[in-house]
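Asks: So here's upload-v7.cif, just mmCIF, C-alpha atoms and all ligand atoms:
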data_coords
#
loop_
_atom_site.label_atom_id
_atom_site.label_comp_id
_atom_site.auth_asym_id
_atom_site.auth_seq_id
_atom_site.Cartn_x
_atom_site.Cartn_y
_atom_site.Cartn_z
CA MET T 1 69.55 95.72 110.29
CA SER T 2 72.90 95.68 112.03
CA GLN T 3 73.66 98.67 114.28
CA THR T 4 77.19 98.71 112.90
CA VAL T 5 78.78 98.38 109.48
CA ARG T 6 80.51 95.02 109.72
CA ILE T 7 84.00 94.87 108.22
CA ALA T 8 85.77 91.61 107.33
CA LEU T 9 89.50 91.90 106.77
CA LEU T 10 91.18 89.25 104.62
CA GLY T 11 94.90 89.29 105.38
CA ALA T 12 97.01 90.68 108.22
CA GLY T 13 100.37 91.43 106.63
CA THR T 14 101.93 94.89 106.94
CA VAL T 15 98.98 96.67 105.34
CA GLY T 16 96.26 94.47 106.88
CA ALA T 17 97.68 94.85 110.39
CA ALA T 18 97.83 98.64 109.98
CA VAL T 19 94.18 98.67 108.81
CA ALA T 20 93.09 96.45 111.72
CA ARG T 21 94.87 98.63 114.28
CA ARG T 22 93.11 101.73 113.01
CA LEU T 23 89.70 100.05 112.94
CA CYS T 24 90.22 98.93 116.57
CA ASP T 25 91.58 102.27 117.77
CA PRO T 26 88.88 103.76 120.04
CA ARG T 27 90.11 107.30 119.28
CA ARG T 28 89.31 106.76 115.60
CA ALA T 29 85.97 105.00 116.18
CA ASP T 30 83.96 108.20 116.71
CA LEU T 31 85.59 109.81 113.72
CA TYR T 32 84.68 106.95 111.41
CA ALA T 33 81.16 106.71 112.87
CA ALA T 34 80.63 110.42 112.21
CA ARG T 35 81.95 110.13 108.66
CA VAL T 36 79.88 107.05 107.84
CA GLY T 37 76.74 107.66 109.89
CA ARG T 38 77.10 104.39 111.79
CA PRO T 39 79.99 102.78 113.74
CA LEU T 40 82.39 100.51 111.89
CA GLU T 41 82.92 97.11 113.49
CA LEU T 42 85.81 94.84 112.59
CA VAL T 43 84.11 91.44 112.84
CA GLY T 44 87.11 89.28 111.95
CA VAL T 45 90.53 89.02 110.36
CA ALA T 46 91.19 86.01 108.12
CA VAL T 47 94.75 84.70 108.38
CA ARG T 48 96.46 81.41 107.56
CA ASP T 49 97.98 80.91 111.01
CA THR T 50 95.66 81.93 113.86
CA THR T 51 98.19 80.92 116.53
CA ARG T 52 100.65 83.66 115.55
CA SER T 53 100.08 86.81 117.60
CA ARG T 54 99.70 90.09 115.71
CA ASP T 55 100.58 93.30 117.40
CA GLY T 56 97.50 95.43 118.11
CA ILE T 57 94.95 92.85 116.88
CA ASP T 58 92.68 91.08 119.39
CA PRO T 59 93.44 87.33 118.92
CA ALA T 60 89.70 86.64 119.24
CA LEU T 61 89.22 88.34 115.85
CA LEU T 62 91.57 85.97 114.02
CA THR T 63 90.03 83.18 111.98
CA ALA T 64 91.26 80.70 109.38
CA ASP T 65 87.74 80.46 107.93
CA ALA T 66 87.86 83.29 105.40
CA SER T 67 84.75 82.11 103.61
CA GLY T 68 82.71 81.99 106.83
CA LEU T 69 83.93 85.46 107.72
CA VAL T 70 82.88 86.87 104.33
CA GLU T 71 79.29 85.74 105.00
CA ARG T 72 79.12 87.88 108.14
CA ALA T 73 80.25 91.17 106.59
CA ASP T 74 78.81 94.27 104.95
CA VAL T 75 82.23 95.30 103.63
CA VAL T 76 84.94 92.80 102.67
CA VAL T 77 88.48 94.14 102.56
CA GLU T 78 91.06 92.05 100.73
CA VAL T 79 94.68 92.81 101.57
CA MET T 80 96.05 89.27 101.26
CA GLY T 81 97.36 89.74 97.71
CA GLY T 82 98.01 86.99 95.19
CA LEU T 83 95.67 85.20 92.83
CA ASP T 84 94.53 82.39 95.13
CA PRO T 85 92.21 82.47 97.09
CA ALA T 86 91.56 86.25 96.81
CA PRO T 87 89.37 86.23 93.65
CA ALA T 88 87.11 83.44 94.90
CA LEU T 89 86.57 85.26 98.20
CA LEU T 90 85.83 88.56 96.47
CA GLU T 91 83.34 86.82 94.18
CA GLN T 92 81.67 85.20 97.18
CA ALA T 93 81.50 88.60 98.92
CA MET T 94 79.84 90.26 95.92
CA ARG T 95 77.34 87.45 95.49
CA CYS T 96 76.46 87.87 99.20
CA GLY T 97 75.82 91.59 98.51
CA ALA T 98 78.88 92.88 100.37
CA GLN T 99 80.80 95.95 99.24
CA VAL T 100 84.34 95.04 98.25
CA VAL T 101 87.64 96.85 98.83
CA THR T 102 90.92 95.46 97.54
CA ALA T 103 94.55 96.56 97.35
CA ASN T 104 95.45 93.67 95.02
CA LYS T 105 96.83 95.35 91.90
CA GLN T 106 97.97 92.20 90.09
CA LEU T 107 94.55 90.61 90.59
CA LEU T 108 92.84 93.75 89.28
CA ALA T 109 95.25 94.07 86.36
CA GLN T 110 94.46 90.50 85.33
CA GLN T 111 90.80 90.14 86.30
CA GLY T 112 89.56 93.69 86.93
CA PRO T 113 86.94 93.85 84.13
CA ARG T 114 85.44 90.52 85.20
CA LEU T 115 85.30 91.63 88.86
CA GLU T 116 83.84 95.05 87.89
CA ALA T 117 81.13 93.28 85.88
CA LEU T 118 80.36 91.00 88.80
CA ALA T 119 80.16 93.99 91.15
CA ALA T 120 77.72 95.73 88.79
CA GLU T 121 75.64 92.56 88.45
CA ASN T 122 75.34 92.31 92.23
CA GLY T 123 74.79 96.04 92.78
CA VAL T 124 77.87 96.48 94.96
CA GLY T 125 80.95 98.70 94.78
CA LEU T 126 84.50 97.62 94.04
CA ASP T 127 87.04 100.12 95.39
CA TYR T 128 90.78 99.84 94.89
CA GLU T 129 92.48 103.15 95.65
CA ALA T 130 95.23 101.36 97.58
CA ALA T 131 96.22 99.29 94.54
CA VAL T 132 97.72 102.32 92.78
CA MET T 133 100.27 104.60 94.48
CA ALA T 134 99.14 103.91 98.05
CA ALA T 135 97.90 107.08 99.77
CA ILE T 136 98.08 109.25 96.64
CA PRO T 137 94.38 109.49 95.72
CA VAL T 138 94.83 109.05 91.99
CA VAL T 139 92.12 106.48 91.23
CA ALA T 140 89.45 108.73 92.77
CA VAL T 141 90.76 111.71 90.82
CA VAL T 142 90.69 110.06 87.38
CA ARG T 143 87.60 107.91 87.98
CA ASP T 144 85.36 110.24 90.00
CA SER T 145 86.63 113.80 90.36
CA LEU T 146 87.35 114.18 86.63
CA ALA T 147 84.32 112.17 85.48
CA GLY T 148 82.79 115.37 84.07
CA ASP T 149 85.95 116.28 82.17
CA LEU T 150 87.96 114.56 79.45
CA VAL T 151 91.26 113.18 80.68
CA THR T 152 93.73 113.21 77.81
CA SER T 153 96.84 111.72 79.39
CA ILE T 154 98.30 110.31 82.58
CA SER T 155 102.01 110.00 83.14
CA GLY T 156 104.01 109.34 86.23
CA ILE T 157 106.64 107.71 88.33
CA VAL T 158 104.40 105.02 89.77
CA ASN T 159 106.97 102.54 91.06
CA GLY T 160 108.84 103.63 94.18
CA SER T 161 111.52 100.96 94.24
CA THR T 162 112.84 101.58 90.73
CA ASN T 163 112.74 105.29 91.47
CA TYR T 164 114.82 104.68 94.58
CA VAL T 165 117.35 102.67 92.55
CA LEU T 166 117.56 105.23 89.72
CA ASP T 167 117.83 108.11 92.20
CA LEU T 168 120.73 106.45 94.03
CA VAL T 169 122.56 105.85 90.77
CA ALA T 170 121.92 109.32 89.33
CA ARG T 171 122.33 111.52 92.39
CA LYS T 172 124.65 109.54 94.67
CA GLY T 173 126.75 107.75 92.06
CA VAL T 174 125.97 104.31 93.52
CA ALA T 175 126.55 101.39 91.11
CA PHE T 176 123.31 99.99 89.66
CA ASP T 177 123.68 96.51 91.25
CA ASP T 178 124.44 98.02 94.68
CA ALA T 179 121.45 100.30 94.39
CA VAL T 180 119.20 97.32 93.61
CA ARG T 181 120.65 95.47 96.61
CA GLN T 182 120.03 98.46 98.90
CA ALA T 183 116.44 98.80 97.67
CA GLY T 184 115.93 95.10 98.45
CA GLU T 185 117.44 95.46 101.93
CA LEU T 186 115.08 98.35 102.68
CA GLY T 187 112.13 96.15 101.71
CA TYR T 188 111.28 98.35 98.72
CA LEU T 189 111.31 95.53 96.17
CA GLU T 190 108.44 93.14 95.55
CA ALA T 191 108.93 89.49 96.60
CA ASP T 192 109.78 88.90 92.95
CA PRO T 193 112.05 91.89 92.15
CA THR T 194 111.49 91.51 88.41
CA GLU T 195 107.96 92.85 89.03
CA ASP T 196 109.58 96.19 89.80
CA LEU T 197 112.75 96.07 87.72
CA GLU T 198 111.10 94.90 84.49
CA GLY T 199 108.28 97.43 84.82
CA LEU T 200 105.48 94.91 85.43
CA ASP T 201 104.32 96.64 88.62
CA ALA T 202 104.25 99.99 86.83
CA ALA T 203 102.44 98.40 83.88
CA ALA T 204 99.74 96.97 86.18
CA LYS T 205 99.24 100.41 87.75
CA ILE T 206 98.96 102.26 84.44
CA VAL T 207 96.42 99.68 83.23
CA LEU T 208 94.29 100.32 86.34
CA LEU T 209 94.50 104.08 85.78
CA ALA T 210 93.61 103.78 82.08
CA ARG T 211 90.56 101.72 82.98
CA ALA T 212 89.58 104.15 85.74
CA ALA T 213 89.97 107.20 83.47
CA TRP T 214 88.46 105.90 80.26
CA GLY T 215 86.67 102.67 81.10
CA ALA T 216 89.15 101.28 78.60
CA ASP T 217 89.16 97.58 77.84
CA VAL T 218 92.93 97.22 78.23
CA SER T 219 95.25 94.66 79.75
CA ILE T 220 98.86 94.49 80.78
CA ASP T 221 99.70 92.96 77.37
CA ASP T 222 98.71 96.27 75.75
CA VAL T 223 101.51 98.13 77.58
CA GLN T 224 104.68 98.80 75.56
CA ARG T 225 107.10 97.93 78.34
CA THR T 226 110.84 98.27 78.92
CA GLY T 227 112.25 97.85 82.43
CA ILE T 228 115.44 99.27 83.91
CA THR T 229 117.65 96.16 83.90
CA GLY T 230 118.96 96.91 80.40
CA LEU T 231 120.31 100.34 81.41
CA THR T 232 124.09 100.64 81.20
CA ASP T 233 126.69 102.90 82.83
CA ASP T 234 126.87 104.67 79.47
CA ASP T 235 123.16 105.52 79.62
CA PHE T 236 123.55 107.10 83.06
CA GLU T 237 126.73 108.95 82.05
CA THR T 238 125.19 110.31 78.84
CA ALA T 239 122.09 111.47 80.72
CA ALA T 240 124.22 113.20 83.38
CA ALA T 241 126.43 114.85 80.74
CA ASN T 242 123.28 116.32 79.17
CA GLY T 243 121.93 117.55 82.53
CA LYS T 244 119.26 114.86 82.55
CA ILE T 245 118.10 112.20 84.97
CA ILE T 246 116.77 108.76 84.01
CA LYS T 247 113.34 107.84 85.39
CA LEU T 248 111.03 104.89 84.74
CA VAL T 249 107.98 106.66 83.31
CA ALA T 250 104.57 105.04 82.96
CA SER T 251 102.12 106.76 80.69
CA ALA T 252 98.72 106.37 79.11
CA TRP T 253 97.11 108.64 76.59
CA ARG T 254 93.87 108.81 74.75
CA SER T 255 93.35 109.36 71.06
CA GLY T 256 90.23 109.13 68.96
CA PRO T 257 86.75 110.39 69.88
CA PRO T 258 85.73 110.51 73.59
CA GLU T 259 82.86 108.09 72.99
CA ASN T 260 85.20 105.57 71.42
CA PRO T 261 88.66 106.33 72.79
CA ARG T 262 91.78 104.54 71.68
CA VAL T 263 94.15 104.15 74.59
CA GLU T 264 97.88 103.65 74.37
CA MET T 265 100.14 102.83 77.28
CA GLY T 266 103.87 102.59 77.86
CA VAL T 267 106.41 101.99 80.60
CA ARG T 268 110.01 102.84 79.79
CA PRO T 269 113.13 104.57 81.11
CA VAL T 270 113.30 108.18 79.93
CA ALA T 271 116.11 110.75 80.35
CA LEU T 272 114.28 113.80 81.69
CA PRO T 273 115.55 117.36 82.17
CA GLN T 274 116.31 118.00 85.87
CA ASP T 275 113.47 120.51 86.12
CA ASP T 276 110.83 118.22 84.59
CA PRO T 277 108.01 117.71 87.14
CA LEU T 278 108.47 113.95 86.92
CA ALA T 279 112.17 114.33 87.74
CA GLN T 280 111.20 115.88 91.09
CA ALA T 281 110.27 112.47 92.58
CA ARG T 282 113.22 111.66 94.85
CA GLU T 283 114.12 108.32 96.44
CA GLY T 284 110.99 106.15 96.82
CA ALA T 285 108.49 108.90 96.01
CA ASN T 286 105.83 108.73 93.32
CA VAL T 287 104.40 111.50 91.18
CA VAL T 288 101.65 111.52 88.59
CA ILE T 289 100.56 114.19 86.15
CA ILE T 290 97.03 114.10 84.79
CA GLU T 291 96.03 116.27 81.86
CA ALA T 292 92.36 116.96 81.29
CA GLU T 293 90.66 119.22 78.74
CA SER T 294 89.07 121.63 81.24
CA ALA T 295 91.04 120.97 84.44
CA GLY T 296 94.37 121.36 82.66
CA ARG T 297 97.43 119.84 84.26
CA LEU T 298 97.11 118.33 87.75
CA ARG T 299 100.04 116.95 89.69
CA LEU T 300 99.95 114.55 92.66
CA HIS T 301 103.22 113.82 94.47
CA GLY T 302 103.85 111.73 97.59
CA ALA T 303 104.49 108.33 99.10
CA GLY T 304 103.35 105.63 96.71
CA ALA T 305 104.14 102.68 98.97
CA GLY T 306 104.47 101.71 102.65
CA GLY T 307 102.21 99.99 105.17
CA GLU T 308 100.74 103.08 106.84
CA GLU T 309 100.35 104.97 103.56
CA THR T 310 98.62 102.04 101.87
CA ALA T 311 96.41 101.55 104.94
CA SER T 312 95.34 105.20 104.61
CA ALA T 313 93.98 104.47 101.13
CA VAL T 314 92.31 101.24 102.27
CA LEU T 315 90.58 103.08 105.14
CA GLY T 316 89.37 105.75 102.72
CA ASP T 317 87.82 103.02 100.56
CA ILE T 318 86.28 101.38 103.65
CA VAL T 319 84.59 104.66 104.63
CA ARG T 320 83.34 105.11 101.04
CA ALA T 321 82.00 101.53 100.96
CA ALA T 322 80.46 101.82 104.43
CA ARG T 323 78.58 104.97 103.38
CA ARG T 324 77.04 102.94 100.55
CA VAL T 325 75.95 100.30 103.06
CA VAL T 326 74.29 102.95 105.24
CA ARG T 327 72.62 104.64 102.24
CA SER T 328 71.18 101.39 100.95
CA ALA T 329 69.87 100.22 104.36
N1 LIG T 401 106.93 97.70 94.61
C1 LIG T 401 105.96 98.74 94.59
C2 LIG T 401 106.67 100.07 94.37
C3 LIG T 401 105.18 98.74 95.88
O1 LIG T 401 107.88 100.09 94.53
O2 LIG T 401 106.05 101.05 94.03
C4 LIG T 401 103.96 99.60 95.88
O3 LIG T 401 103.06 99.23 94.89
#
Show this structure as structure tokens.
Replies:
Amino acid sequence: MSQTVRIALLGAGTVGAAVARRLCDPRRADLYAARVGRPLELVGVAVRDTTRSRDGIDPALLTADASGLVERADVVVEVMGGLDPAPALLEQAMRCGAQVVTANKQLLAQQGPRLEALAAENGVGLDYEAAVMAAIPVVAVVRDSLAGDLVTSISGIVNGSTNYVLDLVARKGVAFDDAVRQAGELGYLEADPTEDLEGLDAAAKIVLLARAAWGADVSIDDVQRTGITGLTDDDFETAAANGKIIKLVASAWRSGPPENPRVEMGVRPVALPQDDPLAQAREGANVVIIEAESAGRLRLHGAGAGGEETASAVLGDIVRAARRVVRSA
């Protein structure tokens, strides 16, 4: 048995580099060891180009052999994104008996049920808190903390970049196109901005939350989706004249009996009263409201994107996964 819990990191972009720096920070090492019951050891970081230096990461940890790295790990952490080669590496990790952590929301939205089944088959965990709203711990709340309750609905502002754009237009009077440009310049938009602007990113997140809350067999095609690109000056003016503010709202709600729930999901721009809790999300913030039969109405509000914030969620999942490794040793 290894004296440490061996962590393999796949990807060293903004989030991956932030995760690696924390895992290598000696001041955090004791903290993680105390929380897990054994020290965490970053055994390697898989990257495409090993010659490029990465601030705060020991070059000796870099490898281009992701598959070889996976074989040496107790916990495999995928922060590379995309649909190739991430799923093959995660499958390999699970078949090797490693716990898996991923921040890859598009992969989960498309292949989540298959990966969950594979995790169950191999007796390993699949954790993905970072895939939805970064550091806001919403997956754990709907999947674990409320597992003894009956969640009835989830609604929120789950996409920071569209919220930034809509906030600039509504509160600062910036023209829609300029607001989109500014969001892009600040790095808020996905590489393909239509992911944000057409509501695909929000749709992927609400699908993950619906699955986490209800175990629902749903996909992104089940989301009734309207993005923000069709909004006109008239829409913004009418909303303002009525004291309202337009937000891109993602929601999921359950109908039918708890043992056989029917789940409906939507993403669409909504003109909300200024004092609506969802209207309180300013600039790039996210907010989500969860209604459950016994718990009532819960609200989580915070930063739903950003390298450090997303790394916080990934580290939380790593600690959770590492505890499983220690328990099963
Ligand atoms: N483009 C996403 C957003 C990034 O704006 O929320 C975080 O998922």
Asks: Do a neighbour search on segment 133-142 of chain T at 6 Å with only C-alpha atoms, toss out local chain neighbours closer than 2 positions, and write the hits as a ChimeraX atom specification.
Replies: /T:129-130,144-146,213,304-305,309-310,312-313
Asks: Which residues come within 7 Å of segment 112-124 of chain T, counting only C-alpha atoms, excluding same-chain residues fewer than 6 positions away, as JSON, numbers by chain?
Replies: {"T": [94, 95, 97, 98, 99]}
Asks: For the residues in that selection, give me C-alpha atoms as an mmCIF file, in the coordinates of the input.
Replies:
data_model
loop_
_atom_site.group_PDB
_atom_site.id
_atom_site.type_symbol
_atom_site.label_atom_id
_atom_site.label_comp_id
_atom_site.auth_asym_id
_atom_site.auth_seq_id
_atom_site.Cartn_x
_atom_site.Cartn_y
_atom_site.Cartn_z
ATOM 1 C CA MET T 94 79.840 90.260 95.920
ATOM 2 C CA ARG T 95 77.340 87.450 95.490
ATOM 3 C CA GLY T 97 75.820 91.590 98.510
ATOM 4 C CA ALA T 98 78.880 92.880 100.370
ATOM 5 C CA GLN T 99 80.800 95.950 99.240
#
Asks: Output the neighbourhood of ligand LIG 401 (chain T) as a list in words, that is, all protein and nucleic acid residues with some atom at most 8 Å from the ligand, counting all atoms listed in the file.
Replies: Lys105, Ala131, Val132, Met133, Ala134, Val158, Asn159, Gly160, Ser161, Thr162, Asn163, Tyr188, Leu189, Glu190, Glu195, Asp196, Asp201, Ala202, Gly284, Asn286, Gly304, Ala305 and Gly306 of chain T
Asks: How many Å separate atom CA of Pro87 of chain T from atom CA of Gln111 of chain T?
Replies: 8.4 Å
Asks: Smallest atom-to-atom distance to Ala212 of chain T: which of T:Val79, T:Val45, T:Leu126, T:Leu248, using only C-alpha atoms?
Replies: T:Leu126
Asks: Find, counting only C-alpha atoms, the residue in T:Gly215, T:Gly44, T:Gly156, T:Gly56 that gets nearest to Leu9 of chain T.
Replies: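 That would be T:Gly44, the residue with the smallest distance to Leu9 of chain T.
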Asks: Check the smallest atom-to-atom distance from each of T:Ala12, T:Val76, T:Ala18, T:Ile7 to Asp49 of chain T using all atoms listed in the file, then report the winner.
Replies: T:Ala12
Asks: What gap, in Å, lies between atom CA of Leu209 of chain T and atom CA of Tyr32 of chain T?
Replies: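 Result for atom CA of Leu209 of chain T versus atom CA of Tyr32 of chain T: 27.6 Å, one decimal.
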Asks: Work out how far apart atom CA of Val5 of chain T and atom CA of Arg211 of chain T are and give it in Å to one decimal.
Replies: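 According to the coordinates, atom CA of Val5 of chain T and atom CA of Arg211 of chain T are separated by 29.2 Å.
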Asks: Smallest atom-to-atom distance to Leu166 of chain T: which of T:Ala183, T:Leu23, T:Val151, T:Ala303, using all atoms listed in the file?
Replies: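 Smallest distance to Leu166 of chain T is found for T:Ala183.
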Asks: Compare T:Asp192, T:Asp221, T:Asp149, T:Asp276 by their minimum atom-to-atom distance to Glu291 of chain T, counting only C-alpha atoms, and give me the closest one.
Replies: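 Closest to Glu291 of chain T of all the choices is T:Asp149.
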Asks: Using only C-alpha atoms, which of the listed residues (T:Ala34, T:Gln182, T:Arg28, T:Leu107) sits closest to Val169 of chain T?
Replies: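 Distance minimum relative to Val169 of chain T lands on T:Gln182.
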Asks: Determine, counting all atoms listed in the file, which protein, DNA and RNA residues have an atom within 7 Å of an atom of Val47 of chain T; residues of the same chain fewer than 5 positions away are not included. Present the result as an MDAnalysis selection string.
Replies: chainID T and resid 10:12 62:64
Asks: Quick one: write out the picked residues with C-alpha atoms as a PDB file, in the frame of the given file?
Replies:
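result.pdb written:
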ATOM      1  CA  LEU T  10      91.180  89.250 104.620  1.00  0.00           C
ATOM      2  CA  GLY T  11      94.900  89.290 105.380  1.00  0.00           C
ATOM      3  CA  ALA T  12      97.010  90.680 108.220  1.00  0.00           C
ATOM      4  CA  LEU T  62      91.570  85.970 114.020  1.00  0.00           C
ATOM      5  CA  THR T  63      90.030  83.180 111.980  1.00  0.00           C
ATOM      6  CA  ALA T  64      91.260  80.700 109.380  1.00  0.00           C
TER       7      ALA T  64
END
Asks: Do you know which residues are at most 10 Å from Pro269 of chain T counting all atoms listed in the file, after dropping those on the same chain fewer than 5 positions away, and could you put them as a list in words?
Replies: Leu166, Gly199, Arg225, Thr226, Gly227, Ile228, Thr229, Gly230, Leu231, Ile245, Ile246, Lys247, Leu248, Val249 and Ala250 of chain T
Asks: Generate N, CA and C atoms for segment 102-114 of chain T and emit them as a compact mmCIF listing (two decimals), in the frame of the given file.
Replies:
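Final output, part28.txt:
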# COMPACT_ATOMS: atom_id res chain seq x y z
N THR T 102 89.71 96.27 97.70
CA THR T 102 90.92 95.46 97.54
C THR T 102 92.13 96.34 97.22
N ALA T 103 93.29 95.86 97.66
CA ALA T 103 94.55 96.56 97.35
C ALA T 103 95.38 95.71 96.38
N ASN T 104 94.73 94.72 95.77
CA ASN T 104 95.45 93.67 95.02
C ASN T 104 95.61 94.07 93.55
N LYS T 105 96.71 94.78 93.26
CA LYS T 105 96.83 95.35 91.90
C LYS T 105 97.02 94.29 90.83
N GLN T 106 97.77 93.22 91.13
CA GLN T 106 97.97 92.20 90.09
C GLN T 106 96.65 91.50 89.78
N LEU T 107 95.86 91.23 90.81
CA LEU T 107 94.55 90.61 90.59
C LEU T 107 93.69 91.53 89.71
N LEU T 108 93.67 92.81 90.05
CA LEU T 108 92.84 93.75 89.28
C LEU T 108 93.36 93.89 87.86
N ALA T 109 94.69 93.93 87.71
CA ALA T 109 95.25 94.07 86.36
C ALA T 109 94.81 92.88 85.51
N GLN T 110 94.80 91.70 86.11
CA GLN T 110 94.46 90.50 85.33
C GLN T 110 92.96 90.26 85.20
N GLN T 111 92.21 90.53 86.30
CA GLN T 111 90.80 90.14 86.30
C GLN T 111 89.85 91.29 86.61
N GLY T 112 90.36 92.53 86.56
CA GLY T 112 89.56 93.69 86.93
C GLY T 112 88.23 93.79 86.19
N PRO T 113 88.21 93.70 84.84
CA PRO T 113 86.94 93.85 84.13
C PRO T 113 85.91 92.79 84.56
N ARG T 114 86.37 91.57 84.76
CA ARG T 114 85.44 90.52 85.20
C ARG T 114 84.88 90.84 86.59
